[in-house]
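Report on the following structure.
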Amino acid sequence: MRGSRDPLGLLALPGVAFLGVAFLVPLMLLLWSSIRGVDGFTWLGYWRVLGDEYYRGVILASLHLGLITTLGAFILGYPAAFALARAKGYWQVVLFALIFLPLTVSIIVKSFGWGIVLRRDGILNWLMLNLGLIERPVRMIFTEGALYAGMINVFLPFMVLPVYSVVRMMDARLPDAAATLGASPWFSFTRVTLPLSLPGVVAGASLVFSLSVAAYVTPSLLMGDRYMTMSMVMAKAFLNLRDWQLGAAMAAVMLAVAAIIVVGASLLQRMLGGR
Amino acid sequence: MTTSHLAISGVSKRFGSAVVLDDLSIGVAKGEFVSLLGPSGCGKTTLLRCIAGLLLPDAGSIQVGGAEITRLPAHKRNVGVVFQNYALFPHLTVAENIGFGLRAQGVARAAAAPRVADALALVRMSEHAGKPVTALSGGQQQRVAVARALVVRPSLLLLDEPFSALDRKLRETMQVELKHLLREVGITAIFVTHDQEEALVVSDRIAVMNAGRIEQLADPATLYQRPATLYALDFVGQSTRLSGRVLGREEGLVLVQTALGVVRAAGSFGTGSSVVIATRPEAITLDATPGMNRIEARIREISFLGSRTQLHLDLADEGDRGIAELPRLPEGLVPGALVSLGFAVPDTMLYPAA
């Protein structure tokens, strides 16, 4: 059909133009610097990132951190999203505030906060010492456990919100209907509630994963150099080493990871929505 | 009294300070269709949820087939429910929806398939088996909901406003269709409805509910002809009702002075008590015979309803209502005319003033 081009599509023009200037051009420049060698074109940057065991470890560590964070955010956020969707009146306001107010606090402040709580002379150690739970301070900061806790704390709302919006639209009587048909709570959950909430989970997981794979502030404040992520390597390469080739190649790898997640998630969404 | 298939005794439920079910008891015989009829907030849906096991009553007991189920969780009760708007599983096909209960109860896929096919045939949905339920019309969705509930052979079927999502014409067809289907299956069914016409159509007996109690439990004809209370009278069908004062007794009947004349009715009220007399619109005639009650009234408006004609009467008192229904309209009767109306003494009901 000739008239199938929707004039409403034109409304996207300003946004697209802005992204073109503010995102696409620098991105091209970045990709350009990742393949620019001393005497013209080279794959050296990528070879340095993907061929080196240390940098491969950094990429794996970033993916590992993203996976743990996503998993943790799912385990904590999924039930929270249900509570939020089913809460009424006053309680819903309170729960909303509890989950989303932390978003207004800067990640830096939050990560410093975790530092204060988990320090050797921090609140948690002081509390456990005084309760007699431990005899000497436990090392918590600069451990992976502390990093996971901080990351999940920062990215949890990004899991809760998409799941919440799907659950809110779900007919609350469906579990009742399942029960009257003889379905145990577990059968009802796995065959009705979970499949229907899956689109929200996929959206939340892809958000949390792509954000946490690229995380910089929280890992650097809670772990420092002990846990190098892709973003930390990039920052070091650009700021300290002035090694543009390395930084740009690492950025390109991260971009590829993000692209795979976004495309994969939207394909998965289509599959789930196509039923 | 014969033993009831469903026996509810002394069930109470409160939400906060609001008493929703108030020491309610009812017995339903095997194979019987009973409607819980009442306005929203009368407790009918709460009672349904208590029977289904979706809500725990504060007090009282619920028994099905002699077995105590009051505290049994819903999925162990084998009580089927057709929900308002059906609550079909939107991610499953018609056949998967119907097969859900069988799968949930551990029936093997091979054993479930013929039962699903039978259920599909029962509600004449066989050709839609593979469709997603979201692609069905309201009437088809209702059939799927009924088949889904029946396929697990429940001991009791509860239907929560099953026709409210359908338009008027389809609703009338489906009421008769569903009644016939359930009768063939031979199941005991409880309908929850706020629609008195629907209750009259589908029920063997109707329980009129008011503020968490059963106001009257009777077969449709009795409920219509002899409503036990003013509340039941107002909720089921139309009526002419006049407030008045008892003048005395005569030949075993109570004499009542109303704004439109003196009316006689069976009952036992002392002289001077405030009462309401009532009769059904079709009991009123323009050709009163001797021995009938007579009132004089002016016609305010005339409505032609096709099979009959309604006269709306001018009334003096605020709380009074006057409607007469005639098979056909006599020549020359126009709004504003003064008419003499008669209705038989046995058709005259008498209630204490509210």
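Residue numbers start at 1 in each chain; chains themselves are named A, B, ... in the order of the structure tokens; ligands are numbered from 1 in the order shown.
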Excluding same-chain residues fewer than 3 positions from Leu6 of chain B, what lies within 12 Å of it counting only C-alpha atoms, as a ChimeraX atom specification?
-> /B:2-3,9,25-34,51-52,61-70,79,155-158,187-190
Could you pull out the helix (DSSP H, G or I) residues of segment 115-354 of chain B from DSSP and send them as an MDAnalysis selection string?
-> chainID B and resid 115:122 126:128 133:135 138:150 168:185 196:202 220:225 230:235 281:283 345:347
May I ask you to extract the residues of chain A within 12 Å of chain B, using only C-alpha atoms, and to give them as a compact mmCIF listing (two decimals) with C-alpha atoms, in the first residue's frame?
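Okay, this is what ended up in result-v1.txt:
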```txt
# COMPACT_ATOMS: atom_id res chain seq x y z
CA MET A 169 -2.10 -5.82 33.97
CA MET A 170 -2.52 -9.49 34.89
CA ASP A 171 -5.98 -10.67 35.96
CA ALA A 172 -5.63 -11.30 39.70
CA ARG A 173 -8.32 -13.99 39.55
CA LEU A 174 -6.28 -16.29 37.29
CA PRO A 175 -4.58 -18.00 40.26
CA ASP A 176 -8.04 -18.38 41.85
CA ALA A 177 -9.31 -19.99 38.66
CA ALA A 178 -6.32 -22.35 38.64
CA ALA A 179 -6.92 -23.29 42.28
CA THR A 180 -10.59 -24.13 41.72
CA LEU A 181 -9.47 -26.44 38.89
CA GLY A 182 -7.35 -28.37 41.35
CA ALA A 183 -3.99 -26.73 40.69
CA SER A 184 -1.59 -26.66 43.63
CA PRO A 185 0.00 -23.26 44.32
CA TRP A 186 3.23 -24.47 42.66
CA PHE A 187 1.45 -25.76 39.52
CA SER A 188 -0.50 -22.52 39.32
CA PHE A 189 2.67 -20.45 39.64
CA THR A 190 4.70 -22.36 37.06
CA ARG A 191 1.90 -22.74 34.50
CA VAL A 192 0.04 -19.44 34.86
CA THR A 193 1.74 -16.69 36.82
CA LEU A 194 5.32 -17.22 35.67
CA PRO A 195 4.60 -17.58 31.93
CA LEU A 196 2.37 -14.51 31.98
CA SER A 197 4.97 -12.40 33.81
CA LEU A 198 7.88 -13.59 31.64
CA PRO A 199 7.80 -10.60 29.23
CA LEU A 272 6.52 -14.68 24.14
CA GLY A 273 4.11 -12.05 22.86
CA GLY A 274 3.32 -14.00 19.71
CA ARG A 275 1.33 -16.61 21.56
```
Expressed in Å, the length from atom CA of Arg71 of chain B to atom CA of Ile8 of chain B is 13.0 Å
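Nearest residue to Asp320 of chain B among B:Cys42, B:Leu338, B:Ala232, B:Val275 is B:Val275, counting only C-alpha atoms.
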Assign secondary structure with DSSP using the backbone only, and return the residues of segment 207-347 of chain B in strand (DSSP E or B) as a JSON list (two decimals) with C-alpha atoms, in the first residue's frame.
```
[["chain", "number", "residue", "atom", "x", "y", "z"],
["B", 207, "ALA", "CA", -32.17, -17.06, 47.81],
["B", 208, "VAL", "CA", -32.76, -13.32, 48.08],
["B", 209, "MET", "CA", -29.84, -11.89, 50.04],
["B", 210, "ASN", "CA", -29.77, -8.71, 52.06],
["B", 213, "ARG", "CA", -28.42, -12.78, 55.38],
["B", 214, "ILE", "CA", -30.91, -14.73, 53.31],
["B", 215, "GLU", "CA", -34.12, -12.73, 53.26],
["B", 216, "GLN", "CA", -36.16, -15.42, 51.54],
["B", 217, "LEU", "CA", -35.43, -18.81, 49.97],
["B", 218, "ALA", "CA", -38.16, -19.99, 47.63],
["B", 240, "THR", "CA", -47.89, -1.43, 42.92],
["B", 241, "ARG", "CA", -47.45, -0.55, 46.58],
["B", 242, "LEU", "CA", -49.41, 1.81, 48.77],
["B", 243, "SER", "CA", -48.73, 2.78, 52.35],
["B", 244, "GLY", "CA", -51.69, 2.86, 54.69],
["B", 245, "ARG", "CA", -53.08, 2.41, 58.19],
["B", 246, "VAL", "CA", -55.04, -0.53, 59.56],
["B", 247, "LEU", "CA", -58.70, 0.40, 60.20],
["B", 248, "GLY", "CA", -59.71, -2.92, 61.73],
["B", 249, "ARG", "CA", -60.73, -6.45, 60.79],
["B", 250, "GLU", "CA", -63.62, -7.77, 58.76],
["B", 253, "LEU", "CA", -59.24, -9.80, 56.61],
["B", 254, "VAL", "CA", -57.38, -6.66, 57.57],
["B", 255, "LEU", "CA", -58.90, -3.37, 56.36],
["B", 256, "VAL", "CA", -56.31, -0.83, 55.28],
["B", 257, "GLN", "CA", -56.97, 2.84, 54.55],
["B", 258, "THR", "CA", -54.71, 4.01, 51.67],
["B", 261, "GLY", "CA", -59.18, 3.85, 48.93],
["B", 262, "VAL", "CA", -59.78, 1.09, 51.47],
["B", 263, "VAL", "CA", -58.11, -2.23, 50.64],
["B", 264, "ARG", "CA", -58.58, -5.68, 52.22],
["B", 265, "ALA", "CA", -55.81, -8.21, 52.65],
["B", 274, "SER", "CA", -48.66, 1.42, 59.66],
["B", 275, "VAL", "CA", -48.57, -1.07, 56.80],
["B", 276, "VAL", "CA", -47.85, -1.35, 53.08],
["B", 277, "ILE", "CA", -50.17, -3.16, 50.72],
["B", 278, "ALA", "CA", -48.85, -4.41, 47.40],
["B", 279, "THR", "CA", -49.90, -6.27, 44.31],
["B", 285, "THR", "CA", -57.68, -5.04, 35.97],
["B", 293, "ASN", "CA", -60.21, -4.61, 46.06],
["B", 294, "ARG", "CA", -60.84, -1.33, 44.26],
["B", 295, "ILE", "CA", -58.79, 1.85, 44.06],
["B", 296, "GLU", "CA", -59.35, 5.07, 42.15],
["B", 297, "ALA", "CA", -56.37, 6.68, 40.45],
["B", 298, "ARG", "CA", -55.44, 9.08, 37.71],
["B", 299, "ILE", "CA", -53.25, 7.84, 34.84],
["B", 300, "ARG", "CA", -49.98, 9.74, 34.66],
["B", 301, "GLU", "CA", -48.41, 8.00, 31.69],
["B", 302, "ILE", "CA", -49.05, 5.07, 29.37],
["B", 303, "SER", "CA", -46.22, 2.86, 28.03],
["B", 304, "PHE", "CA", -46.80, 0.43, 25.18],
["B", 309, "THR", "CA", -49.40, -1.99, 28.04],
["B", 310, "GLN", "CA", -48.30, -0.35, 31.29],
["B", 311, "LEU", "CA", -50.28, 2.30, 33.12],
["B", 312, "HIS", "CA", -48.31, 4.51, 35.50],
["B", 313, "LEU", "CA", -50.56, 5.93, 38.17],
["B", 321, "ARG", "CA", -45.70, 3.24, 43.48],
["B", 323, "ILE", "CA", -48.03, 0.28, 37.92],
["B", 324, "ALA", "CA", -50.78, -1.70, 36.20],
["B", 325, "GLU", "CA", -50.21, -3.98, 33.22],
["B", 326, "LEU", "CA", -53.02, -4.66, 30.78],
["B", 338, "LEU", "CA", -59.45, 8.81, 36.22],
["B", 339, "VAL", "CA", -59.78, 5.01, 36.31],
["B", 340, "SER", "CA", -61.16, 2.46, 38.72],
["B", 341, "LEU", "CA", -58.77, -0.43, 39.21],
["B", 342, "GLY", "CA", -59.50, -3.79, 40.74],
["B", 343, "PHE", "CA", -57.29, -6.58, 42.10]]
```
Could you give me, as a short mmCIF file (atom, residue, chain, number, x, y, z; two decimals) with all heavy atoms, in the first residue's frame, the residues within 10 Å of Leu118 of chain A, counting only C-alpha atoms and dropping anything in the same chain fewer than 3 positions from it?
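And here's result38.cif as it stands now:
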```cif
data_model
loop_
_atom_site.label_atom_id
_atom_site.label_comp_id
_atom_site.auth_asym_id
_atom_site.auth_seq_id
_atom_site.Cartn_x
_atom_site.Cartn_y
_atom_site.Cartn_z
N PHE A 112 29.24 4.89 48.16
CA PHE A 112 29.97 5.34 49.35
C PHE A 112 29.26 4.87 50.61
O PHE A 112 29.89 4.46 51.58
CB PHE A 112 30.10 6.88 49.35
CG PHE A 112 31.42 7.35 48.85
CD1 PHE A 112 31.50 8.21 47.76
CD2 PHE A 112 32.59 6.94 49.48
CE1 PHE A 112 32.73 8.63 47.28
CE2 PHE A 112 33.82 7.37 49.01
CZ PHE A 112 33.89 8.22 47.90
N GLY A 113 27.93 4.94 50.56
CA GLY A 113 27.11 4.48 51.68
C GLY A 113 27.42 3.04 52.03
O GLY A 113 27.64 2.70 53.19
N TRP A 114 27.48 2.19 50.99
CA TRP A 114 27.83 0.79 51.23
C TRP A 114 29.21 0.70 51.85
O TRP A 114 29.45 -0.12 52.73
CB TRP A 114 27.78 0.00 49.93
CG TRP A 114 26.39 -0.45 49.61
CD1 TRP A 114 25.51 0.14 48.77
CD2 TRP A 114 25.72 -1.58 50.18
NE1 TRP A 114 24.33 -0.54 48.76
CE2 TRP A 114 24.42 -1.60 49.60
CE3 TRP A 114 26.08 -2.56 51.10
CZ2 TRP A 114 23.48 -2.58 49.94
CZ3 TRP A 114 25.14 -3.54 51.42
CH2 TRP A 114 23.86 -3.54 50.85
N GLY A 115 30.11 1.55 51.38
CA GLY A 115 31.47 1.58 51.93
C GLY A 115 31.44 1.86 53.42
O GLY A 115 32.09 1.16 54.21
N ASP A 121 35.78 -0.51 60.32
CA ASP A 121 35.20 0.15 61.49
C ASP A 121 33.81 0.68 61.15
O ASP A 121 33.36 1.68 61.68
CB ASP A 121 36.11 1.28 61.97
CG ASP A 121 36.43 2.25 60.84
OD1 ASP A 121 36.13 1.91 59.67
OD2 ASP A 121 36.97 3.33 61.12
N GLY A 122 33.14 -0.02 60.23
CA GLY A 122 31.82 0.44 59.77
C GLY A 122 30.69 -0.01 60.68
O GLY A 122 30.91 -0.69 61.69
N ILE A 123 29.48 0.38 60.29
CA ILE A 123 28.31 0.17 61.13
C ILE A 123 28.03 -1.31 61.36
O ILE A 123 27.75 -1.75 62.46
CB ILE A 123 27.07 0.83 60.48
CG1 ILE A 123 27.28 2.34 60.42
CG2 ILE A 123 25.81 0.51 61.25
CD1 ILE A 123 26.31 3.04 59.50
N LEU A 124 28.14 -2.10 60.27
CA LEU A 124 27.79 -3.51 60.37
C LEU A 124 28.73 -4.25 61.31
O LEU A 124 28.29 -5.03 62.16
CB LEU A 124 27.81 -4.13 58.96
CG LEU A 124 26.94 -5.38 58.78
CD1 LEU A 124 25.51 -5.11 59.18
CD2 LEU A 124 27.02 -5.85 57.34
N ASN A 125 30.01 -3.99 61.16
CA ASN A 125 30.99 -4.62 62.05
C ASN A 125 30.76 -4.20 63.49
O ASN A 125 30.79 -5.02 64.42
CB ASN A 125 32.41 -4.25 61.63
CG ASN A 125 32.99 -5.31 60.70
OD1 ASN A 125 32.74 -6.50 60.88
ND2 ASN A 125 33.74 -4.87 59.70
N TRP A 126 30.52 -2.89 63.70
CA TRP A 126 30.27 -2.36 65.04
C TRP A 126 29.08 -3.06 65.68
O TRP A 126 29.10 -3.49 66.82
CB TRP A 126 30.02 -0.85 64.93
CG TRP A 126 29.63 -0.20 66.22
CD1 TRP A 126 30.46 0.26 67.19
CD2 TRP A 126 28.29 0.05 66.68
NE1 TRP A 126 29.74 0.78 68.22
CE2 TRP A 126 28.40 0.67 67.93
CE3 TRP A 126 27.02 -0.18 66.14
CZ2 TRP A 126 27.29 1.06 68.67
CZ3 TRP A 126 25.91 0.20 66.87
CH2 TRP A 126 26.04 0.81 68.12
N VAL A 138 35.07 -8.29 60.73
CA VAL A 138 35.15 -9.14 59.55
C VAL A 138 35.41 -8.25 58.35
O VAL A 138 34.87 -7.15 58.24
CB VAL A 138 33.82 -9.90 59.35
CG1 VAL A 138 33.86 -10.72 58.07
CG2 VAL A 138 33.52 -10.77 60.56
N ARG A 139 36.26 -8.75 57.43
CA ARG A 139 36.51 -7.96 56.23
C ARG A 139 35.34 -8.12 55.28
O ARG A 139 35.02 -9.22 54.84
CB ARG A 139 37.79 -8.42 55.55
CG ARG A 139 38.40 -7.31 54.71
CD ARG A 139 39.62 -7.82 53.99
NE ARG A 139 39.19 -8.59 52.82
CZ ARG A 139 39.70 -8.42 51.61
NH1 ARG A 139 40.67 -7.55 51.42
NH2 ARG A 139 39.28 -9.13 50.60
N MET A 140 34.66 -7.02 55.02
CA MET A 140 33.49 -7.11 54.12
C MET A 140 33.69 -6.26 52.87
O MET A 140 33.40 -6.69 51.77
CB MET A 140 32.24 -6.68 54.86
CG MET A 140 31.72 -7.77 55.79
SD MET A 140 30.29 -7.25 56.71
CE MET A 140 30.99 -6.05 57.79
N ILE A 141 34.20 -5.05 53.10
CA ILE A 141 34.43 -4.20 51.93
C ILE A 141 35.60 -4.78 51.14
O ILE A 141 36.45 -5.47 51.70
CB ILE A 141 34.70 -2.74 52.35
CG1 ILE A 141 34.56 -1.84 51.13
CG2 ILE A 141 36.05 -2.60 53.04
CD1 ILE A 141 34.32 -0.41 51.46
N PHE A 142 35.61 -4.53 49.87
CA PHE A 142 36.59 -5.10 48.95
C PHE A 142 36.47 -6.61 48.86
O PHE A 142 37.43 -7.29 48.53
CB PHE A 142 38.04 -4.72 49.35
CG PHE A 142 38.23 -3.23 49.42
CD1 PHE A 142 38.87 -2.65 50.51
CD2 PHE A 142 37.75 -2.40 48.41
CE1 PHE A 142 39.05 -1.28 50.59
CE2 PHE A 142 37.93 -1.04 48.48
CZ PHE A 142 38.58 -0.47 49.58
N THR A 143 35.27 -7.16 49.18
CA THR A 143 35.01 -8.57 48.89
C THR A 143 33.96 -8.63 47.79
O THR A 143 33.22 -7.67 47.59
CB THR A 143 34.46 -9.34 50.11
OG1 THR A 143 33.18 -8.80 50.44
CG2 THR A 143 35.39 -9.24 51.30
N ALA A 146 30.39 -7.97 48.95
CA ALA A 146 30.03 -6.56 49.09
C ALA A 146 29.72 -5.95 47.73
O ALA A 146 28.77 -5.17 47.59
CB ALA A 146 31.19 -5.80 49.74
N LEU A 222 33.63 0.03 45.51
CA LEU A 222 33.52 -1.07 46.47
C LEU A 222 34.66 -2.08 46.34
O LEU A 222 34.92 -2.84 47.26
CB LEU A 222 32.18 -1.80 46.32
CG LEU A 222 30.96 -1.01 46.80
CD1 LEU A 222 29.68 -1.82 46.61
CD2 LEU A 222 31.11 -0.61 48.26
#
```
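The interatomic distance for the pair atom CA of Trp32 of chain A and atom CA of Phe238 of chain A works out to 14.8 Å.
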Need the shell around Leu50 of chain A: protein/DNA/RNA residues with any atom at most 12 Å away, counting only C-alpha atoms. Skip same-chain ones fewer than 2 positions apart. Format as a short mmCIF file (atom, residue, chain, number, x, y, z; two decimals) with all heavy atoms, in the first residue's frame?
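To be explicit, this is the file written out as around-v1.cif:
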```cif
data_model
loop_
_atom_site.label_atom_id
_atom_site.label_comp_id
_atom_site.auth_asym_id
_atom_site.auth_seq_id
_atom_site.Cartn_x
_atom_site.Cartn_y
_atom_site.Cartn_z
N TRP A 43 43.93 -4.39 13.23
CA TRP A 43 43.07 -5.09 14.20
C TRP A 43 43.77 -5.19 15.55
O TRP A 43 43.28 -5.86 16.44
CB TRP A 43 42.76 -6.52 13.71
CG TRP A 43 41.75 -6.59 12.59
CD1 TRP A 43 41.98 -7.04 11.33
CD2 TRP A 43 40.38 -6.21 12.64
NE1 TRP A 43 40.84 -6.97 10.58
CE2 TRP A 43 39.83 -6.45 11.37
CE3 TRP A 43 39.55 -5.67 13.64
CZ2 TRP A 43 38.50 -6.19 11.06
CZ3 TRP A 43 38.23 -5.41 13.32
CH2 TRP A 43 37.72 -5.67 12.05
N LEU A 44 44.91 -4.52 15.68
CA LEU A 44 45.76 -4.69 16.85
C LEU A 44 45.00 -4.47 18.17
O LEU A 44 45.14 -5.23 19.13
CB LEU A 44 46.96 -3.74 16.76
CG LEU A 44 48.01 -3.94 17.86
CD1 LEU A 44 48.67 -5.31 17.72
CD2 LEU A 44 49.05 -2.84 17.85
N GLY A 45 44.16 -3.40 18.20
CA GLY A 45 43.39 -3.10 19.42
C GLY A 45 42.55 -4.28 19.85
O GLY A 45 42.53 -4.65 21.03
N TYR A 46 41.85 -4.90 18.89
CA TYR A 46 40.99 -6.04 19.21
C TYR A 46 41.80 -7.25 19.60
O TYR A 46 41.42 -8.02 20.47
CB TYR A 46 40.06 -6.35 18.03
CG TYR A 46 39.04 -5.25 17.83
CD1 TYR A 46 39.28 -4.22 16.93
CD2 TYR A 46 37.89 -5.22 18.60
CE1 TYR A 46 38.37 -3.20 16.78
CE2 TYR A 46 36.98 -4.20 18.46
CZ TYR A 46 37.22 -3.19 17.54
OH TYR A 46 36.33 -2.18 17.41
N TRP A 47 42.94 -7.39 18.94
CA TRP A 47 43.82 -8.51 19.28
C TRP A 47 44.31 -8.35 20.71
O TRP A 47 44.37 -9.30 21.47
CB TRP A 47 44.99 -8.55 18.29
CG TRP A 47 45.82 -9.80 18.46
CD1 TRP A 47 45.57 -11.03 17.92
CD2 TRP A 47 47.00 -9.93 19.23
NE1 TRP A 47 46.51 -11.92 18.31
CE2 TRP A 47 47.42 -11.27 19.13
CE3 TRP A 47 47.77 -9.04 20.01
CZ2 TRP A 47 48.55 -11.75 19.77
CZ3 TRP A 47 48.90 -9.52 20.64
CH2 TRP A 47 49.28 -10.87 20.52
N ARG A 48 44.63 -7.10 21.08
CA ARG A 48 45.12 -6.85 22.45
C ARG A 48 44.04 -7.16 23.48
O ARG A 48 44.33 -7.67 24.56
CB ARG A 48 45.54 -5.38 22.59
CG ARG A 48 46.85 -5.08 21.89
CD ARG A 48 47.16 -3.61 21.90
NE ARG A 48 47.36 -3.09 23.25
CZ ARG A 48 47.29 -1.79 23.55
NH1 ARG A 48 47.01 -0.90 22.62
NH2 ARG A 48 47.51 -1.39 24.77
N ASP A 52 44.50 -11.23 24.82
CA ASP A 52 45.24 -11.17 26.08
C ASP A 52 44.43 -11.81 27.19
O ASP A 52 43.26 -11.51 27.37
CB ASP A 52 45.53 -9.70 26.40
CG ASP A 52 46.40 -9.57 27.64
OD1 ASP A 52 45.89 -9.84 28.75
OD2 ASP A 52 47.58 -9.23 27.48
N GLU A 53 45.08 -12.67 27.94
CA GLU A 53 44.37 -13.41 28.98
C GLU A 53 43.81 -12.47 30.05
O GLU A 53 42.71 -12.65 30.55
CB GLU A 53 45.29 -14.44 29.63
CG GLU A 53 44.52 -15.51 30.35
CD GLU A 53 45.42 -16.69 30.71
OE1 GLU A 53 46.40 -16.96 29.98
OE2 GLU A 53 45.12 -17.33 31.73
N TYR A 54 44.57 -11.42 30.37
CA TYR A 54 44.14 -10.48 31.40
C TYR A 54 42.86 -9.78 30.98
O TYR A 54 41.88 -9.73 31.74
CB TYR A 54 45.24 -9.45 31.67
CG TYR A 54 44.77 -8.36 32.63
CD1 TYR A 54 44.62 -8.64 34.00
CD2 TYR A 54 44.49 -7.08 32.18
CE1 TYR A 54 44.19 -7.66 34.87
CE2 TYR A 54 44.06 -6.09 33.04
CZ TYR A 54 43.91 -6.39 34.39
OH TYR A 54 43.49 -5.43 35.25
N TYR A 55 42.82 -9.26 29.75
CA TYR A 55 41.64 -8.53 29.30
C TYR A 55 40.45 -9.45 29.05
O TYR A 55 39.31 -9.08 29.26
CB TYR A 55 41.95 -7.68 28.06
CG TYR A 55 42.89 -6.53 28.38
CD1 TYR A 55 44.09 -6.34 27.71
CD2 TYR A 55 42.56 -5.64 29.41
CE1 TYR A 55 44.93 -5.30 28.03
CE2 TYR A 55 43.40 -4.60 29.74
CZ TYR A 55 44.60 -4.43 29.05
OH TYR A 55 45.43 -3.42 29.38
N ARG A 56 40.77 -10.68 28.60
CA ARG A 56 39.69 -11.66 28.47
C ARG A 56 39.06 -11.91 29.84
O ARG A 56 37.84 -12.01 29.98
CB ARG A 56 40.23 -12.97 27.89
CG ARG A 56 40.19 -13.05 26.38
CD ARG A 56 39.94 -14.48 25.90
NE ARG A 56 40.92 -15.42 26.46
CZ ARG A 56 42.09 -15.73 25.88
NH1 ARG A 56 42.40 -15.17 24.72
NH2 ARG A 56 42.91 -16.59 26.43
N GLY A 57 39.94 -11.97 30.85
CA GLY A 57 39.45 -12.14 32.23
C GLY A 57 38.55 -10.99 32.65
O GLY A 57 37.54 -11.18 33.32
N VAL A 58 38.94 -9.77 32.24
CA VAL A 58 38.14 -8.59 32.59
C VAL A 58 36.74 -8.70 31.97
O VAL A 58 35.72 -8.44 32.62
CB VAL A 58 38.84 -7.30 32.11
CG1 VAL A 58 37.89 -6.11 32.19
CG2 VAL A 58 40.09 -7.05 32.93
N ILE A 59 36.72 -9.12 30.67
CA ILE A 59 35.43 -9.25 29.99
C ILE A 59 34.58 -10.30 30.70
O ILE A 59 33.40 -10.08 31.00
CB ILE A 59 35.63 -9.65 28.51
CG1 ILE A 59 36.34 -8.51 27.77
CG2 ILE A 59 34.30 -9.96 27.85
CD1 ILE A 59 36.79 -8.86 26.36
N LEU A 60 35.21 -11.44 31.02
CA LEU A 60 34.47 -12.50 31.71
C LEU A 60 33.99 -12.03 33.08
O LEU A 60 32.87 -12.31 33.49
CB LEU A 60 35.35 -13.75 31.86
CG LEU A 60 35.47 -14.60 30.60
CD1 LEU A 60 36.37 -15.81 30.85
CD2 LEU A 60 34.09 -15.05 30.12
N MET A 230 35.03 -4.03 32.41
CA MET A 230 35.34 -3.43 31.11
C MET A 230 35.37 -1.91 31.21
O MET A 230 36.25 -1.26 30.66
CB MET A 230 34.28 -3.88 30.07
CG MET A 230 34.40 -5.34 29.70
SD MET A 230 33.39 -5.78 28.27
CE MET A 230 31.83 -6.11 29.04
N LEU A 246 43.29 0.78 22.80
CA LEU A 246 42.84 -0.22 23.77
C LEU A 246 41.45 0.14 24.28
O LEU A 246 40.53 -0.69 24.29
CB LEU A 246 43.83 -0.29 24.93
CG LEU A 246 43.45 -1.26 26.05
CD1 LEU A 246 43.54 -2.69 25.59
CD2 LEU A 246 44.33 -1.03 27.28
N ALA A 249 38.71 -0.23 21.59
CA ALA A 249 38.43 -1.63 21.27
C ALA A 249 37.59 -2.26 22.38
O ALA A 249 36.63 -2.99 22.12
CB ALA A 249 39.73 -2.40 21.09
N MET A 250 37.94 -1.95 23.65
CA MET A 250 37.17 -2.48 24.77
C MET A 250 35.74 -1.95 24.71
O MET A 250 34.78 -2.69 24.95
CB MET A 250 37.85 -2.07 26.08
CG MET A 250 37.28 -2.73 27.32
SD MET A 250 37.28 -4.53 27.27
CE MET A 250 38.64 -4.94 28.34
N ALA A 252 34.11 -1.10 22.06
CA ALA A 252 33.42 -1.78 20.96
C ALA A 252 32.94 -3.16 21.40
O ALA A 252 31.82 -3.57 21.07
CB ALA A 252 34.33 -1.89 19.75
N VAL A 253 33.76 -3.85 22.17
CA VAL A 253 33.37 -5.18 22.67
C VAL A 253 32.14 -5.05 23.57
O VAL A 253 31.18 -5.81 23.48
CB VAL A 253 34.54 -5.85 23.43
CG1 VAL A 253 34.06 -7.09 24.18
CG2 VAL A 253 35.66 -6.21 22.46
N MET A 254 32.18 -4.04 24.47
CA MET A 254 31.06 -3.84 25.37
C MET A 254 29.79 -3.51 24.61
O MET A 254 28.70 -3.98 24.93
CB MET A 254 31.38 -2.71 26.35
CG MET A 254 30.59 -2.81 27.62
SD MET A 254 31.28 -1.73 28.88
CE MET A 254 30.52 -0.20 28.43
#
```
